[in-house]
$ cat run_5.txt   # compact mmCIF, C-alpha atoms
# COMPACT_ATOMS: atom_id res chain seq x y z
CA MET A 3 -77.96 15.60 -103.22
CA ASP A 4 -74.65 17.27 -103.09
CA THR A 5 -75.55 18.84 -99.87
CA THR A 6 -76.55 15.55 -98.41
CA GLU A 7 -73.43 13.88 -99.65
CA GLY A 8 -71.40 16.74 -98.29
CA SER A 9 -73.14 16.38 -95.01
CA ILE A 10 -72.61 12.69 -95.02
CA ALA A 11 -69.01 13.18 -95.93
CA THR A 12 -68.64 15.70 -93.23
CA ASN A 13 -70.32 13.45 -90.70
CA GLY A 14 -68.19 10.59 -91.84
CA ALA A 15 -65.09 12.62 -91.34
CA GLY A 16 -66.31 13.76 -87.94
CA SER A 17 -67.15 10.24 -86.87
CA SER A 18 -63.72 8.96 -87.89
CA GLU A 19 -61.70 11.27 -85.44
CA PRO A 20 -62.55 9.39 -82.19
CA GLU A 21 -61.47 6.17 -83.81
CA GLU A 22 -58.04 7.71 -84.47
CA ASP A 23 -57.69 9.21 -80.89
CA ALA A 24 -58.58 5.96 -79.05
CA PRO A 25 -55.16 4.28 -79.42
CA THR A 26 -53.46 7.47 -78.24
CA ALA A 27 -55.64 7.63 -75.10
CA ASN A 28 -55.01 3.97 -74.37
CA ARG A 29 -51.30 4.49 -74.74
CA SER A 30 -51.44 7.50 -72.39
CA LEU A 31 -53.42 5.49 -69.85
CA ARG A 32 -51.00 2.60 -70.05
CA ARG A 33 -48.08 5.00 -69.75
CA SER A 34 -49.64 6.60 -66.66
CA ASN A 35 -50.26 3.19 -65.12
CA ASN A 36 -46.70 2.16 -65.88
CA ASP A 37 -45.36 5.37 -64.37
CA ARG A 38 -47.40 4.90 -61.21
CA LYS A 39 -46.32 1.27 -60.97
CA ARG A 40 -42.71 2.23 -61.55
CA LYS A 41 -42.94 4.90 -58.88
CA ARG A 42 -44.57 2.45 -56.49
CA ASP A 43 -41.83 -0.07 -57.20
CA GLU A 44 -39.15 2.56 -56.74
CA GLU A 45 -40.75 3.72 -53.47
CA THR A 46 -41.02 0.13 -52.29
CA ALA A 47 -37.41 -0.53 -53.25
CA ARG A 48 -36.33 2.68 -51.51
CA ARG A 49 -38.23 1.76 -48.36
CA ASN A 50 -36.81 -1.75 -48.47
CA ALA A 51 -33.31 -0.35 -48.92
CA GLU A 52 -33.80 2.07 -46.04
CA GLU A 53 -35.18 -0.72 -43.86
CA GLN A 54 -32.23 -2.89 -44.81
CA ARG A 55 -29.79 -0.09 -43.99
CA ARG A 56 -31.58 0.54 -40.69
CA LYS A 57 -31.41 -3.14 -39.78
CA GLN A 58 -27.74 -3.28 -40.75
CA ALA A 59 -27.01 -0.15 -38.69
CA ALA A 60 -28.93 -1.59 -35.72
CA ALA A 61 -27.08 -4.89 -36.05
CA LEU A 62 -23.75 -3.03 -36.29
CA GLU A 63 -24.66 -0.92 -33.24
CA GLU A 64 -25.65 -4.03 -31.30
CA LYS A 65 -22.39 -5.68 -32.31
CA LYS A 66 -20.43 -2.64 -31.14
CA LYS A 67 -22.30 -2.65 -27.83
CA LYS A 68 -21.47 -6.31 -27.32
CA GLN A 69 -17.84 -5.69 -28.22
CA TYR A 70 -17.72 -2.71 -25.83
CA ALA A 71 -19.33 -4.75 -23.04
CA ALA A 72 -16.81 -7.54 -23.64
CA LEU A 73 -13.98 -4.99 -23.60
CA VAL A 74 -15.25 -3.47 -20.34
CA ARG A 75 -15.53 -6.94 -18.83
CA ASP A 76 -11.97 -7.76 -19.91
CA CYS A 77 -10.75 -4.46 -18.45
CA GLU A 78 -12.43 -5.21 -15.13
CA LEU A 79 -10.88 -8.67 -15.07
CA LEU A 80 -7.48 -7.16 -15.84
CA LYS A 81 -7.95 -4.57 -13.08
CA GLU A 82 -8.81 -7.29 -10.58
CA ARG A 83 -5.80 -9.31 -11.70
CA ILE A 84 -3.53 -6.26 -11.44
CA MET A 85 -4.85 -5.47 -7.95
CA ASP A 86 -4.30 -9.08 -6.91
CA LEU A 87 -0.76 -9.04 -8.30
CA GLU A 88 -0.04 -5.71 -6.61
CA ALA A 89 -1.26 -7.12 -3.30
CA ARG A 90 0.95 -10.19 -3.77
CA ILE A 91 3.90 -7.94 -4.65
CA ALA A 92 3.25 -5.89 -1.51
CA ASP A 93 3.19 -9.11 0.55
CA CYS A 94 6.46 -10.22 -1.03
CA ASP A 95 7.99 -6.80 -0.33
CA ASP A 96 6.89 -7.05 3.30
CA ASP A 97 8.35 -10.55 3.58
CA LEU A 98 11.64 -9.40 2.07
CA ARG A 99 11.72 -6.33 4.31
CA GLU A 100 11.00 -8.40 7.42
CA ALA A 101 13.59 -11.02 6.45
CA ASP A 102 16.30 -8.45 5.62
CA VAL A 103 17.72 -7.99 9.12
CA GLN A 104 21.42 -8.23 8.43
CA ARG A 105 21.80 -4.57 9.45
CA THR A 106 19.66 -1.57 10.34
CA LYS A 107 18.81 0.58 7.33
CA LEU A 108 18.67 4.33 7.68
CA LEU A 109 16.27 6.58 5.81
CA GLY A 110 19.01 9.05 4.94
CA LYS A 111 21.09 12.00 6.11
CA ASP A 112 20.49 15.73 6.23
CA ARG A 113 22.87 18.58 5.40
CA PHE A 114 24.62 18.28 8.78
CA CYS A 115 25.09 14.49 8.46
CA ASN A 116 22.42 13.58 11.03
CA ARG A 117 21.13 10.07 10.41
CA TYR A 118 17.38 9.30 10.33
CA TYR A 119 15.93 5.89 11.22
CA TRP A 120 12.46 4.37 11.13
CA PHE A 121 12.91 1.01 12.83
CA GLU A 122 9.47 -0.35 11.87
CA ARG A 123 10.71 -1.22 8.39
CA ASN A 124 13.59 -3.37 9.66
CA GLY A 125 12.92 -7.05 10.22
CA GLN A 126 9.33 -6.89 11.52
CA PRO A 127 5.75 -6.00 10.55
CA PHE A 128 4.94 -2.30 10.79
CA GLY A 129 2.79 -2.78 13.88
CA GLY A 130 5.11 -5.31 15.49
CA LEU A 131 4.80 -9.08 15.62
CA PRO A 132 1.17 -10.19 16.05
CA SER A 133 2.32 -12.85 18.54
CA SER A 134 4.19 -10.31 20.67
CA SER A 135 3.01 -9.59 24.20
CA THR A 136 2.74 -5.89 23.30
CA SER A 137 0.94 -6.32 19.95
CA THR A 138 -2.30 -4.92 21.40
CA ARG A 139 -0.75 -1.45 21.50
CA GLY A 140 -1.01 -1.14 17.73
CA TYR A 141 2.52 0.11 17.09
CA ALA A 142 6.11 -1.11 17.32
CA ASN A 143 8.08 2.10 17.81
CA GLY A 144 6.01 5.04 16.57
CA ARG A 145 8.90 7.48 16.17
CA ILE A 146 11.51 8.75 13.73
CA TRP A 147 14.88 8.52 15.47
CA VAL A 148 17.74 10.90 14.67
CA GLN A 149 21.39 10.13 15.40
CA GLY A 150 24.03 12.83 15.50
CA PRO A 151 26.91 12.99 13.00
CA ASP A 152 29.79 10.57 13.17
CA ASP A 153 33.16 11.92 14.30
CA LEU A 154 34.67 11.60 10.83
CA GLU A 155 31.74 13.45 9.26
CA ARG A 156 31.70 16.07 11.98
CA GLU A 157 35.41 16.78 11.62
CA GLY A 158 35.30 16.75 7.82
CA PHE A 159 32.12 18.77 7.21
CA ILE A 160 31.24 20.77 10.34
CA ASP A 161 34.24 21.39 12.61
CA LEU A 162 36.54 22.56 9.83
CA PRO A 163 40.00 24.04 10.36
CA LYS A 164 40.17 27.78 10.93
CA ASP A 165 41.40 28.60 7.44
CA LEU A 166 38.50 26.71 5.83
CA GLN A 167 36.04 28.27 8.27
CA ALA A 168 37.36 31.70 7.22
CA VAL A 169 36.81 30.85 3.56
CA TYR A 170 33.27 29.64 4.33
CA ARG A 171 32.54 32.82 6.32
CA ALA A 172 33.81 35.01 3.49
CA HIS A 173 31.46 33.28 1.07
CA TRP A 174 28.34 32.79 3.24
CA GLY A 175 28.77 35.32 6.03
CA MET A 176 28.96 32.68 8.79
CA THR A 177 30.82 29.51 9.71
CA VAL A 178 29.36 26.00 9.43
CA PRO A 179 28.79 25.61 13.22
CA GLU A 180 27.09 29.04 13.29
CA ARG A 181 24.86 28.06 10.39
CA ARG A 182 24.02 24.76 12.07
CA LYS A 183 23.11 26.48 15.33
CA GLN A 184 20.94 28.96 13.45
CA GLU A 185 19.07 26.32 11.41
CA GLU A 186 18.76 23.53 14.00
CA GLY A 187 18.17 25.66 17.09
CA LEU A 188 18.43 24.10 20.54
CA THR A 189 17.92 20.50 19.36
CA SER A 190 21.34 20.10 17.78
CA LEU A 191 23.06 16.72 18.25
CA ALA A 192 26.78 17.00 18.93
CA ASN A 193 27.92 13.50 17.91
CA ALA A 194 26.76 9.97 17.12
CA HIS A 195 26.25 9.18 20.82
CA GLU A 196 23.34 11.63 21.04
CA TRP A 197 19.85 10.82 19.78
CA GLY A 198 16.63 12.71 19.17
CA PHE A 199 13.21 11.79 17.80
CA TYR A 200 10.07 13.02 16.02
CA GLU A 201 6.81 11.54 17.30
CA THR A 202 3.92 13.50 15.72
CA PRO A 203 2.77 13.92 12.09
CA ASP A 204 3.07 17.72 12.41
CA GLU A 205 6.71 17.42 13.45
CA LEU A 206 7.33 15.09 10.51
CA ASP A 207 5.72 17.53 8.07
CA SER A 208 7.83 20.36 9.49
CA LEU A 209 10.94 18.23 9.00
CA ILE A 210 9.99 17.45 5.39
CA GLY A 211 9.43 21.16 4.76
CA TRP A 212 12.82 22.00 6.29
CA LEU A 213 14.71 19.60 4.00
CA ASP A 214 16.09 21.14 0.81
CA ASP A 215 15.86 18.91 -2.27
CA ARG A 216 18.66 20.84 -3.98
CA GLY A 217 21.13 18.84 -1.90
CA GLU A 218 21.85 15.26 -2.88
CA ARG A 219 21.50 13.81 0.65
CA GLU A 220 18.33 15.69 1.55
CA LYS A 221 16.78 14.98 -1.85
CA LYS A 222 17.05 11.23 -1.18
CA LEU A 223 15.83 11.68 2.40
CA ARG A 224 12.76 13.65 1.25
CA ARG A 225 11.95 10.93 -1.26
CA GLU A 226 12.10 8.30 1.48
CA PHE A 227 9.85 10.37 3.75
CA PHE A 228 7.30 10.90 0.98
CA GLU A 229 7.30 7.17 0.21
CA TRP A 230 6.78 6.08 3.84
CA ARG A 231 4.89 9.08 5.22
CA GLU A 232 1.46 7.43 5.32
CA LYS A 233 2.77 4.39 7.21
CA ILE A 234 4.89 6.50 9.55
CA THR A 235 2.06 8.86 10.51
CA THR A 236 -0.35 5.94 10.99
CA TYR A 237 1.81 4.41 13.71
CA MET A 238 2.67 7.81 15.16
CA ARG A 239 -1.05 8.33 15.75
CA ALA A 240 -1.33 4.82 17.21
CA TYR A 241 1.54 5.64 19.57
CA LYS A 242 -0.15 8.87 20.69
CA SER A 243 -3.52 7.14 21.13
CA TYR A 244 -1.97 4.46 23.32
CA ASN A 245 -0.14 7.04 25.46
CA ASP A 246 -3.32 9.07 25.92
CA ASN A 247 -5.27 5.99 26.98
CA GLU A 248 -2.50 4.95 29.38
CA ALA A 249 -2.39 8.42 30.92
CA ALA A 250 -6.16 8.38 31.43
CA ARG A 251 -6.00 4.88 32.94
CA ARG A 252 -3.26 5.85 35.37
CA LEU A 253 -5.14 8.97 36.38
CA GLU A 254 -8.21 6.88 37.16
CA ALA A 255 -6.07 4.40 39.10
CA GLU A 256 -4.57 7.21 41.20
CA GLU A 257 -8.00 8.62 41.99
CA GLU A 258 -9.40 5.25 43.14
CA PRO A 259 -8.99 4.54 46.89
CA LYS A 260 -6.35 1.92 47.62
CA LYS A 261 -7.48 -1.19 49.47
CA GLY A 262 -5.26 -3.31 51.70
CA ILE A 263 -1.62 -2.83 52.57
CA ALA A 264 0.92 -3.10 49.79
CA THR A 265 4.24 -4.70 50.58
CA ARG A 266 7.54 -3.02 49.82
CA ARG A 267 8.28 -5.41 46.95
CA GLN A 268 4.88 -4.84 45.35
CA THR A 269 5.35 -1.09 45.63
CA GLN A 270 8.76 -1.23 43.94
CA GLU A 271 7.47 -3.46 41.14
CA SER A 272 4.51 -1.18 40.48
CA GLU A 273 6.78 1.86 40.39
CA ILE A 274 9.16 0.19 37.93
CA THR A 275 6.29 -0.92 35.72
CA ALA A 276 4.76 2.55 35.80
CA LYS A 277 8.05 4.17 34.79
CA GLU A 278 9.26 1.67 32.20
CA ARG A 279 6.67 0.31 29.78
CA CYS A 280 9.27 -2.07 28.37
CA MET A 281 8.79 -4.13 31.52
CA ASP A 282 5.45 -5.23 30.07
CA TRP A 283 7.18 -7.09 27.26
CA ARG A 284 7.43 -10.87 27.44
CA ASN A 285 9.42 -13.14 25.14
CA THR A 286 6.47 -15.27 24.08
CA MET A 287 8.20 -16.49 20.93
CA VAL A 288 10.96 -18.34 22.75
CA MET A 289 8.41 -19.78 25.16
CA ASP A 290 6.40 -21.14 22.24
CA GLU A 291 9.45 -22.57 20.49
CA GLN A 292 11.68 -23.74 23.37
CA LYS A 293 9.28 -23.73 26.35
CA ARG A 294 11.81 -21.74 28.38
CA LEU A 295 13.59 -18.39 28.48
CA HIS A 296 17.16 -17.97 27.29
CA SER A 297 18.26 -17.22 30.85
CA VAL A 298 17.01 -20.61 32.08
CA ASN A 299 19.33 -23.57 31.57
CA PRO A 300 17.78 -26.42 29.62
CA VAL A 301 16.71 -29.45 31.61
CA LYS A 302 18.75 -32.53 30.77
CA LYS A 303 16.60 -35.18 29.20
CA PRO A 304 16.86 -38.48 31.15
CA THR A 305 18.09 -41.57 29.40
CA ARG A 306 15.81 -44.48 28.70
CA LYS A 307 17.24 -46.48 31.61
CA GLU A 308 16.89 -43.53 33.99
CA ALA A 309 13.35 -42.96 32.86
CA ALA A 310 12.47 -46.63 33.40
CA ALA A 311 14.11 -46.61 36.84
CA ALA A 312 12.29 -43.44 37.76
CA ALA A 313 9.03 -45.03 36.70
CA LYS A 314 9.75 -48.02 38.99
CA GLY A 315 10.89 -45.77 41.79
CA THR A 316 14.40 -47.31 42.04
CA ALA A 317 17.84 -46.12 41.01
CA PRO A 318 19.44 -47.84 38.04
CA SER A 319 21.67 -50.72 39.17
CA ALA A 320 25.12 -51.37 37.75
CA MET A 321 25.77 -54.52 35.72
CA ILE A 322 27.57 -57.32 37.65
CA GLY A 323 30.25 -59.43 35.98
CA ARG A 324 31.25 -63.09 36.59
CA SER A 325 33.59 -62.07 39.35
CA GLY A 326 30.74 -60.40 41.21
CA LYS A 327 32.13 -56.94 40.65
CA PRO A 328 30.30 -54.18 38.73
CA LEU A 329 31.40 -53.79 35.15
CA THR A 330 33.20 -50.58 34.20
CA ARG A 331 34.26 -49.03 30.92
CA GLN A 332 37.77 -49.97 29.83
$ encode --input "run_5.txt" --output "structure tokens"
Amino acid sequence: MDTTEGSIATNGAGSSEPEEDAPTANRSLRRSNNDRKRKRDEETARRNAEEQRRKQAAALEEKKKKQYAALVRDCELLKERIMDLEARIADCDDDLREADVQRTKLLGKDRFCNRYYWFERNGQPFGGLPSSSTSTRGYANGRIWVQGPDDLEREGFIDLPKDLQAVYRAHWGMTVPERRKQEEGLTSLANAHEWGFYETPDELDSLIGWLDDRGEREKKLRREFFEWREKITTYMRAYKSYNDNEAARRLEAEEEPKKGIATRRQTQESEITAKERCMDWRNTMVMDEQKRLHSVNPVKKPTRKEAAAAAKGTAPSAMIGRSGKPLTRQ
């Protein structure tokens, strides 16, 4: 009996343990489910946040690209506007240069007071007037012209008195004329009545290399040459090209057999034209504006009465008064 009761008691105690563990297992299961759900929610929130950040970054990048494209477009428009304004400024500069003909401007002076001129920049387009009879040559002058020193400059800077020449020799080992002869060679210009020229780009480059920018005059002259060098050499090459073509044309003309008998006047005119190319020039501007040359006197315009009489083929008759005599001015 006791044994049975003990067994029953024992079995009862053993059967009561699962009933006590069931709530704990349910709580653990619910806790695990909650943890998994929380983790899923956190992962979803993290992915959503990352997706949101990615979209925001993409939108920001797209906005920056659009802003950059707009900035590039504005820069291109500004460049085009600047180029257009620069072209208009260049046109205005050309108009001012062509209209400024009150006197011939020189490029500058060198150490021996020689004056340098480029006549293309004075009162005309660089290649000459398009309406000129010689505009097909492609150049107006094509040379840098050099004028010798003025008498006042020559006497004050070059041909010094003997005492000053002695001082200069003591300091530099030579006089000013000796230095000039040494540096200029055989092409020295004695005074302002003598002229020389440079007609090739190589000669111009040699001249620029000879100038010393430590001197005030030659520093300004070098700056002018550097500013205009491209234009100067362009028309120097055009001048050389025209001369080469003319030489070839004349050589071909000399080799061709002459037909017919040329008169003495025709021979003289051809010789003059062959020697002096300036004879090819014609004053077409005055012909367009005034229909005549300056050397031709203007034709007097007939009065209305003379024109009417000429149309009828009779001379104008004088007015007759009451006395039968022609009226005259009192």
$ atom_distance --input "run_5.txt" --atom1 "atom CA of A:Arg231" --atom2 "atom CA of A:Leu206"
8.4 Å
$ closest_residue --input "run_5.txt" --among "A:Thr202, A:Thr106, A:Asn36, A:Thr189" --to "A:Gly150" --atoms "all atoms listed in the file"
A:Thr189
$ closest_residue --input "run_5.txt" --among "A:Val74, A:Val148, A:Leu295, A:Ala311" --to "A:His195" --atoms "all atoms listed in the file"
A:Val148
$ residues_around --input "run_5.txt" --residues "A:Leu131" --least-positions-apart "5" --cutoff "10 Å" --atoms "only C-alpha atoms" --output "list in words"
Gly125, Gln126, Thr136, Ser137, Tyr141, Ala142 and Met287 of chain A
$ write_last_selection --input "run_5.txt" --atoms "C-alpha atoms" --output "short mmCIF file (atom, residue, chain, number, x, y, z; two decimals), in the coordinates of the input"
data_model
loop_
_atom_site.label_atom_id
_atom_site.label_comp_id
_atom_site.auth_asym_id
_atom_site.auth_seq_id
_atom_site.Cartn_x
_atom_site.Cartn_y
_atom_site.Cartn_z
CA GLY A 125 12.92 -7.05 10.22
CA GLN A 126 9.33 -6.89 11.52
CA THR A 136 2.74 -5.89 23.30
CA SER A 137 0.94 -6.32 19.95
CA TYR A 141 2.52 0.11 17.09
CA ALA A 142 6.11 -1.11 17.32
CA MET A 287 8.20 -16.49 20.93
#
$ atom_distance --input "run_5.txt" --atom1 "atom CA of A:Leu98" --atom2 "atom CA of A:Pro127"
10.9 Å
$ closest_atom_pairs --input "run_5.txt" --of "stretch 50-123 of chain A" --to "stretch 234-256 of chain A" --cutoff "10 Å" --atoms "all atoms listed in the file" --output "tab-separated table"
residue	atom	partner	partner_atom	distance
A:Trp120	CA	A:Ile234	CA	8.0
A:Glu122	CA	A:Ile234	CA	8.6
A:Arg123	CA	A:Ile234	CA	9.7
$ atom_distance --input "run_5.txt" --atom1 "atom CA of A:Trp212" --atom2 "atom CA of A:Trp174"
19.1 Å
$ residues_near_point --input "run_5.txt" --point "(26.2, 16.8, 8.0)" --cutoff "12 Å" --atoms "all atoms listed in the file" --output "PyMOL selection string"
chain A and resi 110-118+149-162+178-179+181-182+186+190-194+217-220
$ closest_residue --input "run_5.txt" --among "A:Val298, A:Leu109, A:Pro203, A:Ala309" --to "A:Arg225" --atoms "all atoms listed in the file"
A:Leu109
